[in-house]
Amino acid sequence: MKIKDIPREEHISNSLSCAGCSELLAVRLALKVLGKRTVAIVPAGCMSTVNCYWPQIPFKTPMFVSPFAATGAILQGVSAGFHYRGVTDVNVLAIAGDGGTADIGMASFSQAIISGRKFIYMCVDNEAYMNTGGQWSSTTPPGALTTTSTLADVAEPSLSNHKDLLAIAIAHRIPYAATASPSYPLDYLEKVRKAAATNGPSFLHVLTPCPPGWGFPSEKTIEIGRLAVESGMWPLCEYQDGQLRITHVPRQTRPVAEYFQSQRRFRKLRPEGIAQLQKIVDARQEALEKMVSPRD
Amino acid sequence: MPEKKFLTGNSAVAYAVKLAKVGVIAVYPITPQTPIAEKLANLVSTGEVRAEYLRVESEHSALAACLGSAMAGMRSFTATSSHGLAYMHEMLTYAAGGRFPLVLAIANRSIGPPWSIWGEQQDSIQQRDTGCIQLYVETAQEALDTTIQAFKIAEDPRVLTPVMVCLDGFHLSHAEEGVEIPDAGDVERFLPPFRTSATLDPDNPMTLAVGASGEQYTLWRSEQQTAIREAGSIISDVDEEFGQVFGRKYGGLVDAYRCDDADLIIAIMGSFAGVARDTVDSLRQKGVKAGMLRVRAFRPFPNQVIRQHLANARHLVVIDRDLSYGNEGALCSEIRGALYGQGNVPPIVNFIAGLGGADLLADEIESVAQEAIQMTRPEERKTVFQFLENK
Amino acid sequence: MPEPSKFKGVGPHWPAGNTPLNVGSYTRIKPKIDVSQCSGCRLCFVFCPDGAITMQDDKDPVVDFNLCKACGICVNECPKKIIEMTTVESNA
């Protein structure tokens, strides 16, 4: 797919999201590729709250506001129901935040993957419970402040109190999973297309920078997403048929310090913390490169 | 052809699910409901039931999965008990508020601590505010029949509310009795095809379970209340119609035994009503005009019907296999509420019995009944605990 | 907000795509695009979270002020820097 191939039709419009919201962008772009025969299951989080308050109904496609912990279970039920009725031309898409996936939604997320049912589980990750003002979640990156973090959390940043959702999905032997960013729309939409074509569960972990939550001006949303990839904080990978590969190597790399300095949520990181995180990110990148299969 | 089998309450429910042609089953096992999950898995394996059998990781997810499949246009079923029902609590409120016609069976069991796998009605009673219809059955036959009725009630366009079919743990769920399994064709004609307006349909796109506030919120809630209140008459009608088609009916909202001329009435829910019937017969032989009122529908609470049956009672024993801690037994409070402002308000003894699976004997009910007969002033409020030396 | 009206169907559900409120109505600054210099890259259309930018033949992007929240992403991302924020009198 090329930029000029991205369809014009909008399937979501007049959403009450913040200005510059990349979650909305992720949803808007994904729906273009998936088309109007897509049902969205959206648990409590930004993407439900800004799109479900009567009488403002921005989704033009069917949508269900799911209970917070139950997204995976709803997916199983919808997918099973469609399967029973022989409905094969409708995409079943979850749009869950990091809270609804990694924390309260983890149990049903895990079970849904091993059910083998056909659905796309998209986690739009703004790395905290942003819908309710920015409380900590288990995908909050080391060094980031949230309203329920303490300074001890950023003093010695490490990955040990952070969940790697892609690794969790891979541990379930999911047929298809990927990390993505709307700042790289072609890479992202190709992954959406592959997820939809998977004859079973698929998982997309999309980094969606949040201007008010992360502390940067709304016009920089796409730029921050690029910086996340270029600094190594958000590698773009794909796991398909048991093979992990890197889908995009940035043309330039940047030190993590630049990423941290671009957002207020990292303001309490000290130089020692930044140096530590650079080491952690470098080590993680090295490990990732060892894990991927040789490129074809 | 109908066939007669020795079935436990659990198996009876499983056969009802088969006859109702449920398409999606999502059940998380918990004692004493587990045999329902197992029997259904068995029926799916043999091909007797054609359904998608989902394995979920919790009861909360079990009802959520049913909600998902209902939105995809399928009749669905789940079952649980006790701690599982407590875990499912959010989803009960969600299903009721969202007006999803789901049916679930509850094998009533206590919630610990103190831990007990045995029967008690606390689990479903403490869900009485969720907005679900609650029907309590006395026999395995009634469990089967009522589960079939439940689909018709839940899916009625005037109702569109989840229905809980409650059967006592172990006493009903595990005890076998002779049960007639209705003819599949008769059931298919009795139950219309599954239809609900809240669906995920690209040809009729909607956002389901929207947010609201103020006037719109109150409007929706009042409609929910109207629907569950009106379900009372539909519960009666469906039971009546079931009687005409299958030859068995249960009195609709309440099942009254020898109440017409009764001075003393024993009110109860569930399988121990059988014991209460023995007590009534024994008292009658001793010259006491006794009667038993089994409340079948606890939600919507049948205020009017209860008032009618208690219109001339001079003494009332209300047996509760539950307790609303801080006040009294739930059935007792609700009956008290039904009698408010009526000309005749008898004194009531609330007998808290059968907790934690304790057996209840006819003699025990009879001695409480004798206590009730001594009371003459309606302002006397008495709570008697089984086993305890009560003053 | 509009008056609560008779809902369609039963329960707290609502037909898709009904949006009585125009989310662009809160901002008085809007992007102005110098279309004469547009190269047709379509990035403004792609990156607008609200889908406020449409184009007929790729080189004539138009901003719908009713949908535009003035986030500034299009201004920031346009490779030719031909978009700038300006104050507008009304959403017309």
# chains A, B, ... in the order shown; residues from 1 in each chain; ligands from 1
>>> interface_residues(of="chain C", to="chain B", cutoff="7 Å", atoms="only C-alpha atoms", output="PyMOL selection string")
chain C and resi 4+9-16
>>> interface_residues(of="chain B", to="chain A", cutoff="8 Å", atoms="only C-alpha atoms", output="number ranges by chain")
B: 23-24, 51-52, 54-57, 60-62, 64-74, 91, 94, 200-202, 204-212
>>> write_last_selection(atoms="C-alpha atoms", output="mmCIF file, in the first residue's frame")
data_model
loop_
_atom_site.group_PDB
_atom_site.id
_atom_site.type_symbol
_atom_site.label_atom_id
_atom_site.label_comp_id
_atom_site.auth_asym_id
_atom_site.auth_seq_id
_atom_site.Cartn_x
_atom_site.Cartn_y
_atom_site.Cartn_z
ATOM 1 C CA GLY B 23 -26.050 -21.665 20.136
ATOM 2 C CA VAL B 24 -23.280 -20.384 22.392
ATOM 3 C CA ALA B 51 -23.314 -25.042 19.940
ATOM 4 C CA GLU B 52 -20.077 -23.126 20.229
ATOM 5 C CA LEU B 54 -16.412 -21.418 24.967
ATOM 6 C CA ARG B 55 -13.886 -21.915 27.716
ATOM 7 C CA VAL B 56 -13.421 -18.702 29.623
ATOM 8 C CA GLU B 57 -11.173 -17.949 32.552
ATOM 9 C CA HIS B 60 -17.240 -12.429 34.776
ATOM 10 C CA SER B 61 -15.935 -13.437 31.362
ATOM 11 C CA ALA B 62 -18.543 -16.186 31.045
ATOM 12 C CA ALA B 64 -19.485 -11.292 29.009
ATOM 13 C CA ALA B 65 -18.959 -13.948 26.351
ATOM 14 C CA CYS B 66 -22.709 -14.646 26.343
ATOM 15 C CA LEU B 67 -23.341 -10.943 25.976
ATOM 16 C CA GLY B 68 -20.965 -10.877 23.010
ATOM 17 C CA SER B 69 -22.687 -13.778 21.318
ATOM 18 C CA ALA B 70 -26.120 -12.265 21.969
ATOM 19 C CA MET B 71 -24.956 -9.137 20.158
ATOM 20 C CA ALA B 72 -23.830 -11.390 17.320
ATOM 21 C CA GLY B 73 -27.403 -12.722 17.143
ATOM 22 C CA MET B 74 -27.177 -15.989 19.082
ATOM 23 C CA MET B 91 -21.889 -8.228 34.179
ATOM 24 C CA TYR B 94 -24.412 -4.572 32.564
ATOM 25 C CA LEU B 200 -23.618 -5.641 16.064
ATOM 26 C CA ASP B 201 -24.805 -5.470 12.481
ATOM 27 C CA PRO B 202 -22.948 -3.564 9.762
ATOM 28 C CA ASN B 204 -27.800 -1.482 10.875
ATOM 29 C CA PRO B 205 -24.849 0.104 12.653
ATOM 30 C CA MET B 206 -25.342 1.279 16.215
ATOM 31 C CA THR B 207 -23.224 2.113 19.203
ATOM 32 C CA LEU B 208 -24.366 -0.239 21.965
ATOM 33 C CA ALA B 209 -24.155 0.571 25.668
ATOM 34 C CA VAL B 210 -23.752 4.317 25.274
ATOM 35 C CA GLY B 211 -23.065 6.769 28.065
ATOM 36 C CA ALA B 212 -25.741 9.182 29.226
#
>>> residues_around(residues="Gly252 of chain B", least_positions_apart="6", cutoff="7 Å", atoms="only C-alpha atoms", output="list in words")
Ile235, Ser236 and Asp239 of chain B
>>> write_last_selection(atoms="C-alpha atoms", output="mmCIF file, in the first residue's frame")
data_model
loop_
_atom_site.group_PDB
_atom_site.id
_atom_site.type_symbol
_atom_site.label_atom_id
_atom_site.label_comp_id
_atom_site.auth_asym_id
_atom_site.auth_seq_id
_atom_site.Cartn_x
_atom_site.Cartn_y
_atom_site.Cartn_z
ATOM 1 C CA ILE B 235 -43.988 -14.670 33.788
ATOM 2 C CA SER B 236 -47.551 -15.702 34.681
ATOM 3 C CA ASP B 239 -46.187 -20.406 32.860
#
>>> interface_residues(of="chain A", to="chain C", cutoff="10 Å", atoms="only C-alpha atoms", output="PyMOL selection string")
chain A and resi 3-4+6-29+51-65+182-183+185+211+217-223
>>> write_last_selection(atoms="C-alpha atoms", output="compact mmCIF listing (two decimals), in the first residue's frame")
# COMPACT_ATOMS: atom_id res chain seq x y z
CA ILE A 3 0.04 6.81 0.81
CA LYS A 4 -2.11 7.51 -2.22
CA ILE A 6 -5.21 4.98 1.71
CA PRO A 7 -8.99 5.09 1.20
CA ARG A 8 -10.78 8.41 1.52
CA GLU A 9 -13.94 7.21 3.27
CA GLU A 10 -14.18 8.08 6.97
CA HIS A 11 -15.80 5.60 9.35
CA ILE A 12 -15.51 7.75 12.45
CA SER A 13 -16.18 11.44 12.66
CA ASN A 14 -16.82 14.22 15.17
CA SER A 15 -15.20 12.42 18.07
CA LEU A 16 -14.84 14.22 21.39
CA SER A 17 -11.17 13.21 21.70
CA CYS A 18 -8.50 15.76 22.58
CA ALA A 19 -6.91 17.79 19.80
CA GLY A 20 -4.03 15.81 18.32
CA CYS A 21 -5.15 12.44 19.75
CA SER A 22 -3.16 9.65 18.13
CA GLU A 23 -5.55 6.96 19.42
CA LEU A 24 -8.26 8.51 17.32
CA LEU A 25 -5.85 8.61 14.41
CA ALA A 26 -4.99 4.94 14.89
CA VAL A 27 -8.68 4.00 14.93
CA ARG A 28 -9.50 6.23 11.95
CA LEU A 29 -6.72 4.74 9.84
CA ASN A 51 -17.10 8.16 21.35
CA CYS A 52 -20.09 6.88 23.27
CA TYR A 53 -21.79 9.63 25.25
CA TRP A 54 -25.31 10.10 24.01
CA PRO A 55 -26.21 11.87 21.82
CA GLN A 56 -22.75 12.15 20.16
CA ILE A 57 -22.12 8.85 18.33
CA PRO A 58 -18.99 9.23 16.14
CA PHE A 59 -18.56 5.60 15.04
CA LYS A 60 -20.34 5.02 11.75
CA THR A 61 -19.74 1.29 12.08
CA PRO A 62 -21.20 -0.96 14.81
CA MET A 63 -19.55 -0.46 18.15
CA PHE A 64 -20.05 -1.85 21.66
CA VAL A 65 -18.78 -0.29 24.84
CA PRO A 182 0.51 5.71 13.43
CA SER A 183 3.57 7.87 12.78
CA PRO A 185 1.20 4.74 8.61
CA PRO A 211 -0.45 15.31 24.22
CA PRO A 217 2.07 20.31 22.33
CA SER A 218 -0.65 18.68 20.27
CA GLU A 219 0.97 19.47 16.92
CA LYS A 220 3.94 17.24 17.79
CA THR A 221 1.97 13.98 18.15
CA ILE A 222 3.32 12.40 14.97
CA GLU A 223 6.84 13.67 15.66
>>> select_by_dssp(residues="segment 198-302 of chain B", states="alpha helix (DSSP H)", output="PyMOL selection string")
chain B and resi 214-246+273-285
>>> write_last_selection(atoms="C-alpha atoms", output="compact mmCIF listing (two decimals), in the first residue's frame")
# COMPACT_ATOMS: atom_id res chain seq x y z
CA GLY B 214 -29.46 13.63 33.31
CA GLU B 215 -32.82 13.31 31.69
CA GLN B 216 -31.85 10.71 29.07
CA TYR B 217 -30.25 8.48 31.70
CA THR B 218 -33.32 8.60 33.91
CA LEU B 219 -35.55 7.92 30.92
CA TRP B 220 -33.67 4.74 30.08
CA ARG B 221 -33.64 3.59 33.69
CA SER B 222 -37.36 4.13 34.10
CA GLU B 223 -37.97 2.09 30.96
CA GLN B 224 -35.82 -0.67 32.43
CA GLN B 225 -37.97 -0.60 35.57
CA THR B 226 -41.21 -0.62 33.60
CA ALA B 227 -40.02 -3.64 31.62
CA ILE B 228 -39.05 -5.71 34.64
CA ARG B 229 -42.26 -4.78 36.49
CA GLU B 230 -44.36 -5.74 33.46
CA ALA B 231 -42.42 -8.98 33.21
CA GLY B 232 -44.50 -10.10 36.19
CA SER B 233 -47.56 -10.62 34.03
CA ILE B 234 -45.47 -12.19 31.28
CA ILE B 235 -43.99 -14.67 33.79
CA SER B 236 -47.55 -15.70 34.68
CA ASP B 237 -48.65 -15.89 31.06
CA VAL B 238 -45.67 -17.97 29.98
CA ASP B 239 -46.19 -20.41 32.86
CA GLU B 240 -49.87 -20.68 31.94
CA GLU B 241 -49.03 -21.26 28.28
CA PHE B 242 -46.39 -23.82 29.25
CA GLY B 243 -49.08 -25.63 31.24
CA GLN B 244 -51.32 -25.77 28.20
CA VAL B 245 -48.61 -27.11 25.91
CA PHE B 246 -46.69 -29.40 28.25
CA ALA B 273 -40.92 -25.74 50.11
CA GLY B 274 -41.38 -29.48 49.90
CA VAL B 275 -40.57 -29.76 53.59
CA ALA B 276 -42.86 -26.85 54.36
CA ARG B 277 -45.71 -28.66 52.63
CA ASP B 278 -45.22 -31.54 55.09
CA THR B 279 -45.32 -29.07 57.95
CA VAL B 280 -48.57 -27.63 56.66
CA ASP B 281 -50.16 -31.07 56.44
CA SER B 282 -48.94 -31.95 59.93
CA LEU B 283 -50.30 -28.70 61.39
CA ARG B 284 -53.59 -29.17 59.65
CA GLN B 285 -53.92 -32.57 61.28
>>> residues_around(residues="Asp187 of chain A", least_positions_apart="2", cutoff="12 Å", atoms="only C-alpha atoms", output="mmCIF file with N, CA and C atoms, in the first residue's frame")
data_model
loop_
_atom_site.group_PDB
_atom_site.id
_atom_site.type_symbol
_atom_site.label_atom_id
_atom_site.label_comp_id
_atom_site.auth_asym_id
_atom_site.auth_seq_id
_atom_site.Cartn_x
_atom_site.Cartn_y
_atom_site.Cartn_z
ATOM 1 N N MET A 1 0.844 -1.205 0.000
ATOM 2 C CA MET A 1 0.000 0.000 0.000
ATOM 3 C C MET A 1 0.876 1.250 0.000
ATOM 4 N N LYS A 2 0.462 2.254 -0.740
ATOM 5 C CA LYS A 2 1.160 3.522 -0.719
ATOM 6 C C LYS A 2 0.246 4.583 -0.110
ATOM 7 N N ILE A 3 0.831 5.729 0.207
ATOM 8 C CA ILE A 3 0.041 6.809 0.809
ATOM 9 C C ILE A 3 -1.169 7.125 -0.058
ATOM 10 N N LEU A 29 -7.473 5.368 10.921
ATOM 11 C CA LEU A 29 -6.723 4.737 9.835
ATOM 12 C C LEU A 29 -7.032 3.242 9.727
ATOM 13 N N ALA A 30 -7.115 2.583 10.873
ATOM 14 C CA ALA A 30 -7.390 1.138 10.840
ATOM 15 C C ALA A 30 -8.728 0.845 10.176
ATOM 16 N N ALA A 178 2.014 -7.715 16.353
ATOM 17 C CA ALA A 178 2.957 -6.704 15.887
ATOM 18 C C ALA A 178 2.915 -5.495 16.787
ATOM 19 N N THR A 179 4.027 -4.752 16.821
ATOM 20 C CA THR A 179 4.028 -3.413 17.419
ATOM 21 C C THR A 179 3.925 -2.442 16.251
ATOM 22 N N ALA A 180 3.300 -1.299 16.507
ATOM 23 C CA ALA A 180 3.079 -0.361 15.412
ATOM 24 C C ALA A 180 2.974 1.053 15.934
ATOM 25 N N SER A 181 2.972 2.000 15.004
ATOM 26 C CA SER A 181 2.840 3.411 15.362
ATOM 27 C C SER A 181 2.159 4.137 14.220
ATOM 28 N N PRO A 182 1.158 4.975 14.517
ATOM 29 C CA PRO A 182 0.513 5.713 13.430
ATOM 30 C C PRO A 182 1.454 6.726 12.777
ATOM 31 N N SER A 183 2.593 6.980 13.417
ATOM 32 C CA SER A 183 3.572 7.865 12.778
ATOM 33 C C SER A 183 4.220 7.196 11.576
ATOM 34 N N TYR A 184 4.066 5.890 11.491
ATOM 35 C CA TYR A 184 4.556 5.123 10.345
ATOM 36 C C TYR A 184 3.337 4.442 9.730
ATOM 37 N N PRO A 185 2.514 5.241 9.019
ATOM 38 C CA PRO A 185 1.197 4.738 8.605
ATOM 39 C C PRO A 185 1.257 3.544 7.663
ATOM 40 N N LEU A 189 -0.548 0.206 8.636
ATOM 41 C CA LEU A 189 -1.717 -0.294 7.909
ATOM 42 C C LEU A 189 -1.449 -1.664 7.285
ATOM 43 N N GLU A 190 -0.206 -1.922 6.930
ATOM 44 C CA GLU A 190 0.112 -3.252 6.422
ATOM 45 C C GLU A 190 -0.105 -4.281 7.537
ATOM 46 N N LYS A 191 0.224 -3.887 8.769
ATOM 47 C CA LYS A 191 0.024 -4.793 9.901
ATOM 48 C C LYS A 191 -1.468 -4.986 10.178
ATOM 49 N N VAL A 192 -2.246 -3.927 10.019
ATOM 50 C CA VAL A 192 -3.705 -4.059 10.189
ATOM 51 C C VAL A 192 -4.243 -5.034 9.155
ATOM 52 N N ARG A 193 -3.758 -4.891 7.939
ATOM 53 C CA ARG A 193 -4.224 -5.764 6.858
ATOM 54 C C ARG A 193 -3.866 -7.224 7.170
ATOM 55 N N LYS A 194 -2.637 -7.446 7.635
ATOM 56 C CA LYS A 194 -2.211 -8.819 7.935
ATOM 57 C C LYS A 194 -3.011 -9.396 9.104
ATOM 58 N N LEU A 204 -2.349 -6.296 17.862
ATOM 59 C CA LEU A 204 -1.586 -5.138 17.410
ATOM 60 C C LEU A 204 -1.340 -4.250 18.616
ATOM 61 N N VAL A 206 -0.169 -0.780 19.538
ATOM 62 C CA VAL A 206 0.062 0.495 18.854
ATOM 63 C C VAL A 206 0.422 1.563 19.869
ATOM 64 N N LEU A 236 9.692 -1.441 16.015
ATOM 65 C CA LEU A 236 8.567 -1.889 15.179
ATOM 66 C C LEU A 236 8.855 -3.314 14.723
ATOM 67 N N CYS A 237 8.104 -4.260 15.294
ATOM 68 C CA CYS A 237 8.346 -5.673 15.002
ATOM 69 C C CYS A 237 7.056 -6.343 14.592
ATOM 70 N N GLU A 238 7.232 -7.573 14.169
ATOM 71 C CA GLU A 238 6.094 -8.362 13.737
ATOM 72 C C GLU A 238 6.388 -9.824 14.047
ATOM 73 N N ILE A 246 11.963 -7.589 12.588
ATOM 74 C CA ILE A 246 11.865 -6.127 12.715
ATOM 75 C C ILE A 246 11.315 -5.632 11.386
ATOM 76 N N THR A 247 10.253 -4.826 11.420
ATOM 77 C CA THR A 247 9.646 -4.410 10.154
ATOM 78 C C THR A 247 10.159 -3.071 9.660
ATOM 79 N N HIS A 248 10.738 -2.276 10.554
ATOM 80 C CA HIS A 248 11.218 -0.972 10.118
ATOM 81 C C HIS A 248 12.456 -0.607 10.912
ATOM 82 N N VAL A 249 13.541 -0.398 10.207
ATOM 83 C CA VAL A 249 14.745 0.105 10.860
ATOM 84 C C VAL A 249 14.803 1.597 10.579
ATOM 85 N N PRO A 250 14.787 2.429 11.605
ATOM 86 C CA PRO A 250 14.761 3.866 11.350
ATOM 87 C C PRO A 250 15.999 4.311 10.579
#
